[in-house]
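Following: one structure in structure tokens, then a few remarks.
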Protein chains: 2
Amino acid sequence: MAQLIADRRDVDFVLFEQMEAGELSKNKKFAEFDKKTIDLIVTEARNLAIKEILPTQKPGDEGCRLENGKVMVPESFHKINKLYNEGEWLAMTDAPEWGGQGMPKLVSLAANEYFHGANAAFMLYHSLSHGAAKLIETFGTDKQKEQVLEKMYSGKWSGTMLLTEAEAGSDLGALTTTAKRNDDGTYSITGSKIFISGGEQDMVENIIHPTLARIEGAPEGSRGISLFMVPKFRINNDGSIGQFNDVVCTGIEEKMGLHGNATCSLTLGSKGQCIGTLLGAENKGLNAMFQMMNEARQFVGLEGFAVSTSAYMYALNYARERIQSKNIMKPKEGSVAIIQHPDVRRQLMTMKAYVDGMRSLIYYTGRCYDRMALAQSDEEKKKISGIIEVLTPIVKGYISDRALDVTSHAVQVYGGYGYIKEYPVEQLMRDCRIFMIYEGTNGIQAMDMLGRKLGMNNGKTFMDFLGEIRTGINNSKEIPAISELSQKVDDVFNKVSEVALTLGKKAMSEKVECAYAFAHPFLEVIGDLTMSWMLLWRATVAAPKLEKLAGTLNPKDIIAKASQNKEAAFYDGQLKTAQFFIKTILPITMGKLNSIETTDGAAVEMLDASFGSK
Amino acid sequence: MAQLIADRRDVDFVLFEQMEAGELSKNKKFAEFDKKTIDLIVTEARNLAIKEILPTQKPGDEGCRLENGKVMVPESFHKINKLYNEGEWLAMTDAPEWGGQGMPKLVSLAANEYFHGANAAFMLYHSLSHGAAKLIETFGTDKQKEQVLEKMYSGKWSGTMLLTEAEAGSDLGALTTTAKRNDDGTYSITGSKIFISGGEQDMVENIIHPTLARIEGAPEGSRGISLFMVPKFRINNDGSIGQFNDVVCTGIEEKMGLHGNATCSLTLGSKGQCIGTLLGAENKGLNAMFQMMNEARQFVGLEGFAVSTSAYMYALNYARERIQSKNIMKPKEGSVAIIQHPDVRRQLMTMKAYVDGMRSLIYYTGRCYDRMALAQSDEEKKKISGIIEVLTPIVKGYISDRALDVTSHAVQVYGGYGYIKEYPVEQLMRDCRIFMIYEGTNGIQAMDMLGRKLGMNNGKTFMDFLGEIRTGINNSKEIPAISELSQKVDDVFNKVSEVALTLGKKAMSEKVECAYAFAHPFLEVIGDLTMSWMLLWRATVAAPKLEKLAGTLNPKDIIAKASQNKEAAFYDGQLKTAQFFIKTILPITMGKLNSIETTDGAAVEMLDASFGSK
């Protein structure tokens with residue numbers, strides 16, 4: 001049977017050969033996660049994803065229903081939700097204290113890749129639940145944690161994020177939901193929130209809403225925002241479910257895609273009966289929320305990647321099966337599978353390069369978390385934490401941008417069939433368009449990179465990130481067969497470093513607006529560089545193995561060998577994909593770098609009126 | 001009121017200042033179309049589009065219904081269809097002999113921009129009708145023309161294209177619909193067609209289907225395909241409607257977008273009762289159909305452009321109204337309209353550059369048709385016809401690719417609101433995705449450019465096209481204020497010429513597959529060059545007018561003047577947009593050109609197995 005969602009061989013390659021997951025069990029903390037166990041986990045996740053979750057993807061596209069304030073998720077979600085919870089998949093990486101499995105993050109990502117690729121709309125309920133639980137685990141009181149954590153991590157209850165309001169989207173400082181202190185130390189919450197994914201749904205007994213609101217008398221703007229834990233149903237002292245907490249779903253959005261996930265408008269306290277408890281310190285709500293946001297942003301990157309790998313597998317399988325037109329080199333041999341046509345190959349190769357690069361990047365980020373968990377010193381921990389900070393906008397912004405490209409290529413490879421609902425790829429394209437927007441638009445990710453991450457710790461953090469790439473390039477230089485590729489990545493690396501410096505300076509000069517008009521292109525070139533690093537790294541791992549299999553790295557002999565040997569074909573695919581990206585895409589990155597370096601001011605200097613008549 | 005669909009000032013600029021439509025009436029053929037008349041036509045089209053057609057856009061998204069073989073278009077389409085037909089808009093450019101208005105193509109495009117921008121799904125019924133009528137006008141017998149042309153051009157009857165079959169999409173040579181000659185010279189048609197836009201619908205009395213089929217005993221492949229005129233209802237000798245012609249709609253597709261247009265599966269002759277008449281010569285059906293295809297392809301470009309300009313106007317208006325976050329330069333002044341944020345400006349500017357460039361390109365193509373109609377010699381006619389041939393894949397392929405980018409930017413500017421159906425832009429993005437596919441995928445457009453257009457007439461045709469750009473660059477050199485921009489376009493022009501030569505050679509060498517793997521990037525750089533030419537041309541027209549208004553071309557003085565003077569602001573917008581595209585986008589084009597020049601073979605040399613496990 002064709003591989004669905006993801007190519008398991010590639011998953012294993014990144015896990016064990018590139019990221020060396022097999023080494024994790026050498027650490028006491030992860031002792032039980034040896035290669036065999038990891039294999040089992042991935043296999044189990046894959047089975048659940050392909051056999052149970054994937055069949056709900058298309059019916060889920062029909063959407064949720066709202067009736068009398070109750071949201072019904074697609075019928076098929078109930079069964080997979082039960083299976084997902086029974087498998088204890090939500091708290092893979094969390095502390096056993098709260099019912100978690102203490103799994104390495106790296107391993108959990110391989111499982112999550114299959115789950116999100118099978119049905120991103122369904123998984124969104126869970127990833128937000130996880131983020132909400134993590135937030136409470138980090139900032140909650142013992143009582144709050146006792147009340148909700150086990151239930152949330154087990155999937156019995158769910159969690160959300162109540163941030164956005166109609167006039168407060170990207171600018172959370174503008175929000176107007178209020179919290180009035182009650183005599184018993186609780187708060188009465190009043191306000192309206194929009195765009196709340198899973199804000200109301202019928203797969204769980206209770207929903208816990210971490211909610212941003214302004215305590216009466218608090219300072220204006222973002223300095224006066226606090227975070228509250230607001231349940232859908234109040235929680236009795238014995239932990240059982242109490243009375244309705246006046247959180248009313250007033251509507252669900254009709255969207256372009258991701259229909260299986262209910263996007264709710266919620267009104268809190270319209271009857272004065274919505275009670276919340278403070279989460280963390282007064283007026284420090286945004287800080288706390290941003291911690292959760294980082295996890296959420298990485299989840300968005302994961303979603304983008306998972307949908308992309310799924311789209312790639314569909315397109316690849318289709319291209320191997322669909323017979324149409326003749327091979328340009330052998331016109332007399334009749335019609336052939338479209339994978340033989342150069343333009344289809346260009347598209348498949350582009351998709352593969354991004355999907356492979358995304359997988360490596362996502363898993364690498366997971367490995368960073370594991371490195372942090374295993375770090376011997378605070379200094380090391382801080383360094384890795386900084387690298388994760390730099391990676392976050394790349395994972396969220398760059399990957400979700402590319403996900404649209406990859407899914408659009410999938411539609412194109414299918415031709416007319418790609419546009420119709422009978423085939424799966426148009427849904428993937430619609431679903432993934434929101435990833436560029438939610439949890440901070442990609443414009444905001446780009447500003448985060450230029451305005452915060454570049455200058456963090458006086459630039460040391462960004463240098464640490466570049467240091468990781470430098471190490472990757474240096475390692476690749478030891479393999480003569482890829483020295484040309486290595487040099488080209490090195491050239492882009494140097495140019496990016498240069499441009500980072502000059503753009504960073506401009507961002508702190510009077511040319512700040514011009515600099516920020518290039519924040520997104522800047523994020524894009526950092527993303528391109530990161531992709532090339534990941535693909536070069538793959539080639540560095542693959543080349544010696546290929547040489548061993550083929551007895552040579554002579555291209556013709558390799559092709560001969562690879563034609564008969566699946567492993568050789570796989571490794572040669574690593575080399576070819578790196579070659580494609582580095583020789584075909586990186587020259588364009590160089591062009592982008594030249595453009596950023598110029599930092600032309602036209603877009604900023606143009607008068608509003610010049611954009612068009614009113 | 002905000003400008004909807006298109007900025008009328010810019011429409012007029014391209015019509016009268018760039019393309020000099022006011023000069024057309026100097027020719028006897030177009031004597032009645034003076035500036036005042038053209039103004040009136042555009043105003044009338046704009047009124048109909050904005051007041052009547054635009055309000056049907058969103059309800060049309062709910063789609064068509066199929067019941068017992070009958071297709072019901074969205075209810076709201078009936079009224080606008082009546083108004084559209086009453087205004088005689090379909091046959092604007094056609095011969096008065098068949099009820100046409102004999103209007104210059106250039107002028108018709110300004111009207112069509114508004115119509116297609118108001119509702120592309122509705123207009124698709126009409127553009128296909130027009131193409132079908134044109135085909136019959138060109139290849140039909142006198143009897144066939146008498147039977148259908150007036151009725152089709154008046155919109156009383158519609159027309160389609162019956163090409164695609166399940167196993168014959170991009171490769172029409174594989175089609176299996178058959179035609180059996182009857183004793184009376186007619187043919188009995190049997191087969192099944194899919195993806196037929198407007199294949200069945202209830203706005204018209206009859207539908208004329210130009211149909212590709214294979215006469216029994218004809219040669220295999222594309223050499224044995226003939227074209228037939230197949231009506232839905234047979235036509236009696238007196239022109240009245242006769243019996244049902246056994247063309248049965250068996251299904252309509254559920255699609256990503258463009259729901260208002262019914263995409264039908266048709267079965268012909270399942271009861272042996274489908275009669276067609278030969279259109280043109282036996283076995284020459286593909287040639288004939290390709291004539292119509294050229295018109296259809298240009299219509300797709302027009303659709304892509306029209307949806308883009310509509311998306312841009314929405315995004316611009318929204319960016320001017322939506323208040324969110326502070327101005328980075330004036331953080332103390334409170335929240336501002338998002339048009340003030342650099343990343344939003346970058347996106348608006350990108351959209352404007354493409355939309356402006358597209359408008360100029362589309363109108364320029366129209367002007368080429370008018371030049372051809374007015375040409376004094378066959379030689380001149382042939383030359384311009386050749387330029388149109390080169391423009392066709394750019395108009396279809398490049399514009400529809402960019403339309404996805406532009407509409408996606410519009411979604412992004414709207415943020416979360418962009419993703420929901422309450423706002424108009426997500427529909428535009430869904431609608432326009434098909435433009436990259438139908439009437440020949442953009443991969444096929446790219447192959448057409450590299451494989452046919454580049455070498456046409458031993459390269460003379462492509463040189464003629466480049467010659468037009470060269471003239472534009474030379475004209476711009478006379479304006480010192482834009483000499484830097486002029487030089488940069490010149491550099492890209494030279495590089496494109498160079499790469500065209502080397503890639504063209506490779507396409508005829510043993511590296512043919514590698515070359516074709518770069519056909520799409522090659523089309524893209526030609527498109528980029530074309531955009532920069534159009535924008536430079538605009539700047540060439542605008543600069544002297546701006547200088548006259550402001551008394552100077554000193555940037556500061558211009559901004560001062562433009563702040564108070566709408567015309568100065570408009571002209572300065574032309575200069576700034578050209579500057580943006582040429583200094584920010586063209587460096588990336590240079591990168592693409594370097595990539596194409598390398599023509600790396602990785603995508604072609606990769607083994608099928610290396611793309612992923614089976």
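In the structure tokens, chains take letters A, B, ... by order of appearance, with residues numbered from 1 within each chain and ligands from 1 in the order shown.
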**Report entry** Distance-based interface of chain B with chain A, 6 Å, counting only C-alpha atoms, as a ChimeraX atom specification
**Finding:** /B:2-3,171,254-256,325,342-343,345-346,349,415,419-421,437,513,516-517,569-570,573,576,580,584,587-588,591-592,595,602-603,610,614
Emit the selected residues as a PDB file, in the first residue's frame, including C-alpha atoms.
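Contents of the output file result14.pdb:
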```
ATOM      1  CA  ALA B   2     -14.614  53.591  -1.441  1.00  0.00           C
ATOM      2  CA  GLN B   3     -13.664  52.345  -4.888  1.00  0.00           C
ATOM      3  CA  ASP B 171      -3.482  15.093 -23.175  1.00  0.00           C
ATOM      4  CA  GLU B 254     -18.151  20.007  -5.636  1.00  0.00           C
ATOM      5  CA  LYS B 255     -15.219  22.369  -5.875  1.00  0.00           C
ATOM      6  CA  MET B 256     -12.930  24.551  -3.780  1.00  0.00           C
ATOM      7  CA  SER B 325      -1.754  48.686  17.114  1.00  0.00           C
ATOM      8  CA  PRO B 342       5.278  48.600   7.412  1.00  0.00           C
ATOM      9  CA  ASP B 343       4.411  44.931   6.941  1.00  0.00           C
ATOM     10  CA  ARG B 345       2.366  48.371   3.410  1.00  0.00           C
ATOM     11  CA  ARG B 346       4.749  45.786   2.029  1.00  0.00           C
ATOM     12  CA  MET B 349       2.532  47.523  -2.310  1.00  0.00           C
ATOM     13  CA  GLY B 415      -6.017  38.794   9.445  1.00  0.00           C
ATOM     14  CA  TYR B 419     -10.330  33.510   6.704  1.00  0.00           C
ATOM     15  CA  ILE B 420     -14.048  33.776   7.374  1.00  0.00           C
ATOM     16  CA  LYS B 421     -16.872  33.921   4.902  1.00  0.00           C
ATOM     17  CA  ILE B 437      -5.315  24.875 -13.853  1.00  0.00           C
ATOM     18  CA  GLU B 513      14.345  17.264 -19.721  1.00  0.00           C
ATOM     19  CA  TYR B 516      11.760  21.665 -19.309  1.00  0.00           C
ATOM     20  CA  ALA B 517      12.139  21.313 -15.572  1.00  0.00           C
ATOM     21  CA  ALA B 569      -0.506  61.625  -5.351  1.00  0.00           C
ATOM     22  CA  PHE B 570      -1.689  59.345  -8.142  1.00  0.00           C
ATOM     23  CA  GLY B 573       2.104  56.377  -6.771  1.00  0.00           C
ATOM     24  CA  LYS B 576       6.817  54.627  -6.209  1.00  0.00           C
ATOM     25  CA  PHE B 580       9.188  49.156  -5.392  1.00  0.00           C
ATOM     26  CA  THR B 584      12.633  45.051  -4.369  1.00  0.00           C
ATOM     27  CA  PRO B 587      16.703  41.442  -7.549  1.00  0.00           C
ATOM     28  CA  ILE B 588      14.807  38.238  -6.806  1.00  0.00           C
ATOM     29  CA  GLY B 591      18.286  35.222  -8.521  1.00  0.00           C
ATOM     30  CA  LYS B 592      15.757  33.170 -10.462  1.00  0.00           C
ATOM     31  CA  SER B 595      19.037  29.473 -10.980  1.00  0.00           C
ATOM     32  CA  ALA B 602      18.618  16.959  -9.708  1.00  0.00           C
ATOM     33  CA  ALA B 603      14.849  16.886 -10.225  1.00  0.00           C
ATOM     34  CA  SER B 610      13.935   8.290  -4.380  1.00  0.00           C
ATOM     35  CA  LYS B 614       5.834   3.041  -1.770  1.00  0.00           C
TER      36      LYS B 614
END
```
Query - Non-local contacts of Asn68 in chain B (9 Å; only C-alpha atoms; under 3 positions in same chain excluded) as a list in words - result: Val71, Cys249 and Thr250 of chain B
For C-alpha atoms, I'd like the residues from the last selection saved as a PDB file, in the first residue's frame.
```
ATOM      1  CA  VAL B  71     -28.827  22.505 -13.401  1.00  0.00           C
ATOM      2  CA  CYS B 249     -25.801  16.190 -17.351  1.00  0.00           C
ATOM      3  CA  THR B 250     -24.928  13.332 -15.019  1.00  0.00           C
TER       4      THR B 250
END
```
Query - Test item: residues at most 12 Å from Phe290 in chain B, only C-alpha atoms, excluding those fewer than 4 positions along its chain, as an NGL selection string - result: :B and (131-132 or 135 or 161 or 163 or 172 or 212 or 227 or 284-286 or 294-297 or 389 or 392 or 439-440)
Query raised in the report: What's the 6 Å shell around Gly198 in chain B, counting only C-alpha atoms, without same-chain residues fewer than 2 positions away, as number ranges by chain?
Result: B: 125, 200, 262
Report task. Skip Pro74 in chain A itself and residues of its chain fewer than 6 positions away, then list as a list in words all residues within 8 Å of it, counting only C-alpha atoms. Result ->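 The neighbour list is Pro59, Gly60, Glu62, Gly63, Cys64 and Gly260 of chain A.
Residue-level DSSP output for range 75-201 of chain A, from the backbone, shows strand (DSSP E or B) at A:Ser158, A:Gly159, A:Leu162, A:Glu165, A:Ala168, A:Thr178, A:Ala179, A:Lys180, A:Arg181, A:Tyr187, A:Ser188, A:Ile189, A:Thr190, A:Gly191, A:Ser192, A:Lys193, A:Ile194, A:Phe195, A:Ile196, A:Ser197.
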Query raised in the report: Neighbours of Ile482 in chain A within 9 Å (only C-alpha atoms; same-chain residues fewer than 2 positions away dropped), as a PyMOL selection string?
Result: chain A and resi 476-480+484-487+536+539-540+543+575+579
Contact residues around Asp246 in chain B with only C-alpha atoms at 12 Å, ignoring same-chain residues under 3 positions, as an mmCIF file with N, CA and C atoms, in the first residue's frame:
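Result file follows (around.cif):
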```cif
data_model
loop_
_atom_site.group_PDB
_atom_site.id
_atom_site.type_symbol
_atom_site.label_atom_id
_atom_site.label_comp_id
_atom_site.auth_asym_id
_atom_site.auth_seq_id
_atom_site.Cartn_x
_atom_site.Cartn_y
_atom_site.Cartn_z
ATOM 1 N N GLY B 69 -31.117 15.921 -13.960
ATOM 2 C CA GLY B 69 -30.390 16.323 -15.165
ATOM 3 C C GLY B 69 -30.458 17.805 -15.473
ATOM 4 N N SER B 188 -23.394 10.982 -35.442
ATOM 5 C CA SER B 188 -23.921 10.557 -34.143
ATOM 6 C C SER B 188 -22.761 10.508 -33.163
ATOM 7 N N ILE B 189 -22.915 11.265 -32.093
ATOM 8 C CA ILE B 189 -21.819 11.411 -31.126
ATOM 9 C C ILE B 189 -22.097 10.544 -29.906
ATOM 10 N N THR B 190 -21.036 9.851 -29.447
ATOM 11 C CA THR B 190 -21.170 9.028 -28.239
ATOM 12 C C THR B 190 -19.935 9.204 -27.364
ATOM 13 N N GLY B 191 -20.149 9.513 -26.101
ATOM 14 C CA GLY B 191 -19.003 9.643 -25.201
ATOM 15 C C GLY B 191 -19.372 10.373 -23.927
ATOM 16 N N SER B 192 -18.362 10.507 -23.076
ATOM 17 C CA SER B 192 -18.581 11.203 -21.809
ATOM 18 C C SER B 192 -17.517 12.269 -21.618
ATOM 19 N N VAL B 230 -22.444 20.554 -31.365
ATOM 20 C CA VAL B 230 -23.463 19.690 -30.773
ATOM 21 C C VAL B 230 -24.389 20.539 -29.901
ATOM 22 N N PRO B 231 -25.617 20.738 -30.314
ATOM 23 C CA PRO B 231 -26.511 21.538 -29.474
ATOM 24 C C PRO B 231 -27.183 20.687 -28.395
ATOM 25 N N LYS B 232 -27.585 21.350 -27.344
ATOM 26 C CA LYS B 232 -28.342 20.643 -26.300
ATOM 27 C C LYS B 232 -29.707 20.249 -26.867
ATOM 28 N N PHE B 233 -30.379 21.206 -27.510
ATOM 29 C CA PHE B 233 -31.602 20.911 -28.247
ATOM 30 C C PHE B 233 -31.309 21.085 -29.733
ATOM 31 N N ARG B 234 -31.809 20.168 -30.501
ATOM 32 C CA ARG B 234 -31.594 20.297 -31.949
ATOM 33 C C ARG B 234 -32.249 21.578 -32.449
ATOM 34 N N GLY B 242 -35.680 22.505 -31.378
ATOM 35 C CA GLY B 242 -36.278 21.216 -31.654
ATOM 36 C C GLY B 242 -36.143 20.245 -30.490
ATOM 37 N N GLN B 243 -36.028 18.967 -30.832
ATOM 38 C CA GLN B 243 -36.047 17.965 -29.760
ATOM 39 C C GLN B 243 -34.722 17.895 -29.003
ATOM 40 N N CYS B 249 -26.688 15.831 -18.466
ATOM 41 C CA CYS B 249 -25.801 16.190 -17.351
ATOM 42 C C CYS B 249 -25.953 15.139 -16.259
ATOM 43 N N THR B 250 -24.854 14.439 -15.985
ATOM 44 C CA THR B 250 -24.928 13.332 -15.019
ATOM 45 C C THR B 250 -24.385 13.715 -13.650
ATOM 46 N N LEU B 266 -20.994 15.454 -18.652
ATOM 47 C CA LEU B 266 -22.023 15.287 -19.676
ATOM 48 C C LEU B 266 -21.849 13.944 -20.371
ATOM 49 N N THR B 267 -22.958 13.276 -20.573
ATOM 50 C CA THR B 267 -22.923 12.051 -21.366
ATOM 51 C C THR B 267 -23.640 12.321 -22.682
ATOM 52 N N LEU B 268 -22.965 12.052 -23.769
ATOM 53 C CA LEU B 268 -23.528 12.331 -25.090
ATOM 54 C C LEU B 268 -23.940 11.027 -25.752
ATOM 55 N N GLY B 269 -25.167 10.993 -26.199
ATOM 56 C CA GLY B 269 -25.610 9.877 -27.018
ATOM 57 C C GLY B 269 -25.801 8.572 -26.290
ATOM 58 N N SER B 270 -26.107 8.606 -25.015
ATOM 59 C CA SER B 270 -26.297 7.325 -24.317
ATOM 60 C C SER B 270 -27.519 6.597 -24.871
ATOM 61 N N LYS B 271 -28.427 7.357 -25.504
ATOM 62 C CA LYS B 271 -29.558 6.700 -26.167
ATOM 63 C C LYS B 271 -29.400 6.704 -27.692
ATOM 64 N N GLY B 272 -28.195 7.012 -28.135
ATOM 65 C CA GLY B 272 -27.942 7.026 -29.572
ATOM 66 C C GLY B 272 -28.602 8.180 -30.298
ATOM 67 N N GLN B 273 -28.967 9.205 -29.548
ATOM 68 C CA GLN B 273 -29.743 10.292 -30.143
ATOM 69 C C GLN B 273 -29.006 11.628 -30.156
ATOM 70 N N CYS B 274 -27.684 11.589 -30.033
ATOM 71 C CA CYS B 274 -26.943 12.851 -30.010
ATOM 72 C C CYS B 274 -26.344 13.129 -31.387
ATOM 73 N N ILE B 275 -26.819 14.172 -32.019
ATOM 74 C CA ILE B 275 -26.416 14.492 -33.386
ATOM 75 C C ILE B 275 -25.567 15.763 -33.399
ATOM 76 N N GLY B 276 -24.424 15.698 -34.098
ATOM 77 C CA GLY B 276 -23.592 16.880 -34.247
ATOM 78 C C GLY B 276 -23.270 17.118 -35.702
#
```
Report task. Using backbone DSSP assignments, extract all alpha helix (DSSP H) residues from range 89-202 of chain A; output them as a VMD selection string. Result -> chain A and resid 105 to 118 120 to 139 142 to 153
Write the selection just made, keeping N, CA and C atoms, as a compact mmCIF listing (two decimals), in the first residue's frame?
```
# COMPACT_ATOMS: atom_id res chain seq x y z
N LYS A 105 10.45 14.94 23.70
CA LYS A 105 9.69 15.77 22.76
C LYS A 105 9.91 15.29 21.32
N LEU A 106 11.16 14.97 21.02
CA LEU A 106 11.51 14.51 19.67
C LEU A 106 10.61 13.36 19.23
N VAL A 107 10.42 12.41 20.11
CA VAL A 107 9.62 11.23 19.76
C VAL A 107 8.14 11.61 19.60
N SER A 108 7.69 12.47 20.49
CA SER A 108 6.27 12.87 20.44
C SER A 108 5.95 13.54 19.11
N LEU A 109 6.95 14.22 18.54
CA LEU A 109 6.69 14.94 17.30
C LEU A 109 6.46 13.99 16.13
N ALA A 110 7.15 12.85 16.18
CA ALA A 110 6.94 11.85 15.12
C ALA A 110 5.50 11.33 15.19
N ALA A 111 5.03 11.12 16.41
CA ALA A 111 3.64 10.68 16.56
C ALA A 111 2.69 11.79 16.12
N ASN A 112 2.97 13.00 16.56
CA ASN A 112 2.09 14.12 16.24
C ASN A 112 2.05 14.45 14.76
N GLU A 113 3.15 14.21 14.09
CA GLU A 113 3.15 14.42 12.64
C GLU A 113 2.06 13.58 11.98
N TYR A 114 1.95 12.33 12.41
CA TYR A 114 0.90 11.47 11.84
C TYR A 114 -0.49 11.95 12.24
N PHE A 115 -0.64 12.31 13.51
CA PHE A 115 -1.97 12.73 13.97
C PHE A 115 -2.45 14.01 13.26
N HIS A 116 -1.59 15.02 13.25
CA HIS A 116 -1.99 16.29 12.62
C HIS A 116 -2.15 16.14 11.12
N GLY A 117 -1.32 15.30 10.53
CA GLY A 117 -1.45 15.06 9.09
C GLY A 117 -2.74 14.34 8.75
N ALA A 118 -3.26 13.56 9.70
CA ALA A 118 -4.48 12.80 9.45
C ALA A 118 -5.71 13.68 9.57
N ALA A 120 -6.07 17.77 10.90
CA ALA A 120 -5.57 18.93 11.63
C ALA A 120 -6.68 19.60 12.44
N ALA A 121 -7.89 19.58 11.90
CA ALA A 121 -9.01 20.23 12.60
C ALA A 121 -9.30 19.53 13.92
N PHE A 122 -9.28 18.20 13.88
CA PHE A 122 -9.51 17.42 15.10
C PHE A 122 -8.38 17.67 16.10
N MET A 123 -7.15 17.64 15.63
CA MET A 123 -6.01 17.75 16.53
C MET A 123 -5.91 19.12 17.18
N LEU A 124 -6.47 20.13 16.50
CA LEU A 124 -6.39 21.48 17.07
C LEU A 124 -7.08 21.55 18.43
N TYR A 125 -8.18 20.80 18.59
CA TYR A 125 -8.81 20.77 19.92
C TYR A 125 -7.78 20.35 20.97
N HIS A 126 -7.00 19.34 20.61
CA HIS A 126 -6.08 18.77 21.58
C HIS A 126 -4.85 19.65 21.79
N SER A 127 -4.34 20.24 20.72
CA SER A 127 -3.12 21.03 20.96
C SER A 127 -3.42 22.25 21.82
N LEU A 128 -4.60 22.83 21.62
CA LEU A 128 -4.94 23.97 22.48
C LEU A 128 -5.19 23.52 23.91
N SER A 129 -5.82 22.37 24.08
CA SER A 129 -5.99 21.81 25.42
C SER A 129 -4.65 21.66 26.11
N HIS A 130 -3.71 21.12 25.35
CA HIS A 130 -2.40 20.89 25.94
C HIS A 130 -1.74 22.20 26.35
N GLY A 131 -1.84 23.19 25.47
CA GLY A 131 -1.24 24.50 25.80
C GLY A 131 -1.89 25.10 27.03
N ALA A 132 -3.20 24.99 27.12
CA ALA A 132 -3.90 25.55 28.28
C ALA A 132 -3.48 24.83 29.55
N ALA A 133 -3.37 23.51 29.47
CA ALA A 133 -2.96 22.75 30.65
C ALA A 133 -1.54 23.14 31.06
N LYS A 134 -0.68 23.29 30.08
CA LYS A 134 0.71 23.66 30.36
C LYS A 134 0.76 25.01 31.06
N LEU A 135 -0.08 25.90 30.61
CA LEU A 135 -0.14 27.24 31.20
C LEU A 135 -0.53 27.15 32.67
N ILE A 136 -1.50 26.33 32.94
CA ILE A 136 -1.97 26.18 34.33
C ILE A 136 -0.90 25.45 35.15
N GLU A 137 -0.26 24.48 34.54
CA GLU A 137 0.82 23.78 35.24
C GLU A 137 1.93 24.77 35.62
N THR A 138 2.19 25.73 34.73
CA THR A 138 3.28 26.68 34.98
C THR A 138 2.89 27.79 35.95
N PHE A 139 1.69 28.33 35.79
CA PHE A 139 1.33 29.52 36.56
C PHE A 139 0.25 29.28 37.63
N ASP A 142 -1.53 25.45 43.48
CA ASP A 142 -1.69 24.01 43.68
C ASP A 142 -3.15 23.62 43.52
N LYS A 143 -4.02 24.47 44.05
CA LYS A 143 -5.44 24.14 43.97
C LYS A 143 -5.91 24.09 42.51
N GLN A 144 -5.51 25.10 41.76
CA GLN A 144 -5.91 25.12 40.35
C GLN A 144 -5.40 23.88 39.63
N LYS A 145 -4.16 23.52 39.90
CA LYS A 145 -3.59 22.36 39.24
C LYS A 145 -4.33 21.09 39.62
N GLU A 146 -4.58 20.95 40.92
CA GLU A 146 -5.32 19.78 41.39
C GLU A 146 -6.70 19.69 40.71
N GLN A 147 -7.30 20.85 40.57
CA GLN A 147 -8.66 20.88 40.01
C GLN A 147 -8.72 20.37 38.57
N VAL A 148 -7.75 20.74 37.78
CA VAL A 148 -7.94 20.54 36.33
C VAL A 148 -6.90 19.70 35.60
N LEU A 149 -5.67 19.65 36.12
CA LEU A 149 -4.60 19.13 35.25
C LEU A 149 -4.79 17.69 34.78
N GLU A 150 -5.06 16.80 35.69
CA GLU A 150 -5.20 15.41 35.26
C GLU A 150 -6.34 15.25 34.26
N LYS A 151 -7.40 15.98 34.54
CA LYS A 151 -8.56 15.87 33.64
C LYS A 151 -8.24 16.43 32.26
N MET A 152 -7.45 17.50 32.24
CA MET A 152 -7.10 18.08 30.94
C MET A 152 -6.09 17.20 30.19
N TYR A 153 -5.07 16.75 30.88
CA TYR A 153 -4.06 15.94 30.20
C TYR A 153 -4.62 14.59 29.74
```
Query raised in the report: Of the residues B:Ser509, B:Asn236, B:Thr365, B:Asn85, which is the one nearest to Leu48 in chain B, using only C-alpha atoms?
Result: B:Asn85
Query raised in the report: Between A:Met351, A:Cys432, A:Leu54, A:Ile235, which has the minimum distance to Ala410 in chain A (counting only C-alpha atoms)?
Result: A:Met351
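CA of Leu83 in chain A to CA of Glu52 in chain A spans 8.5 Å [interatomic distance, one decimal].
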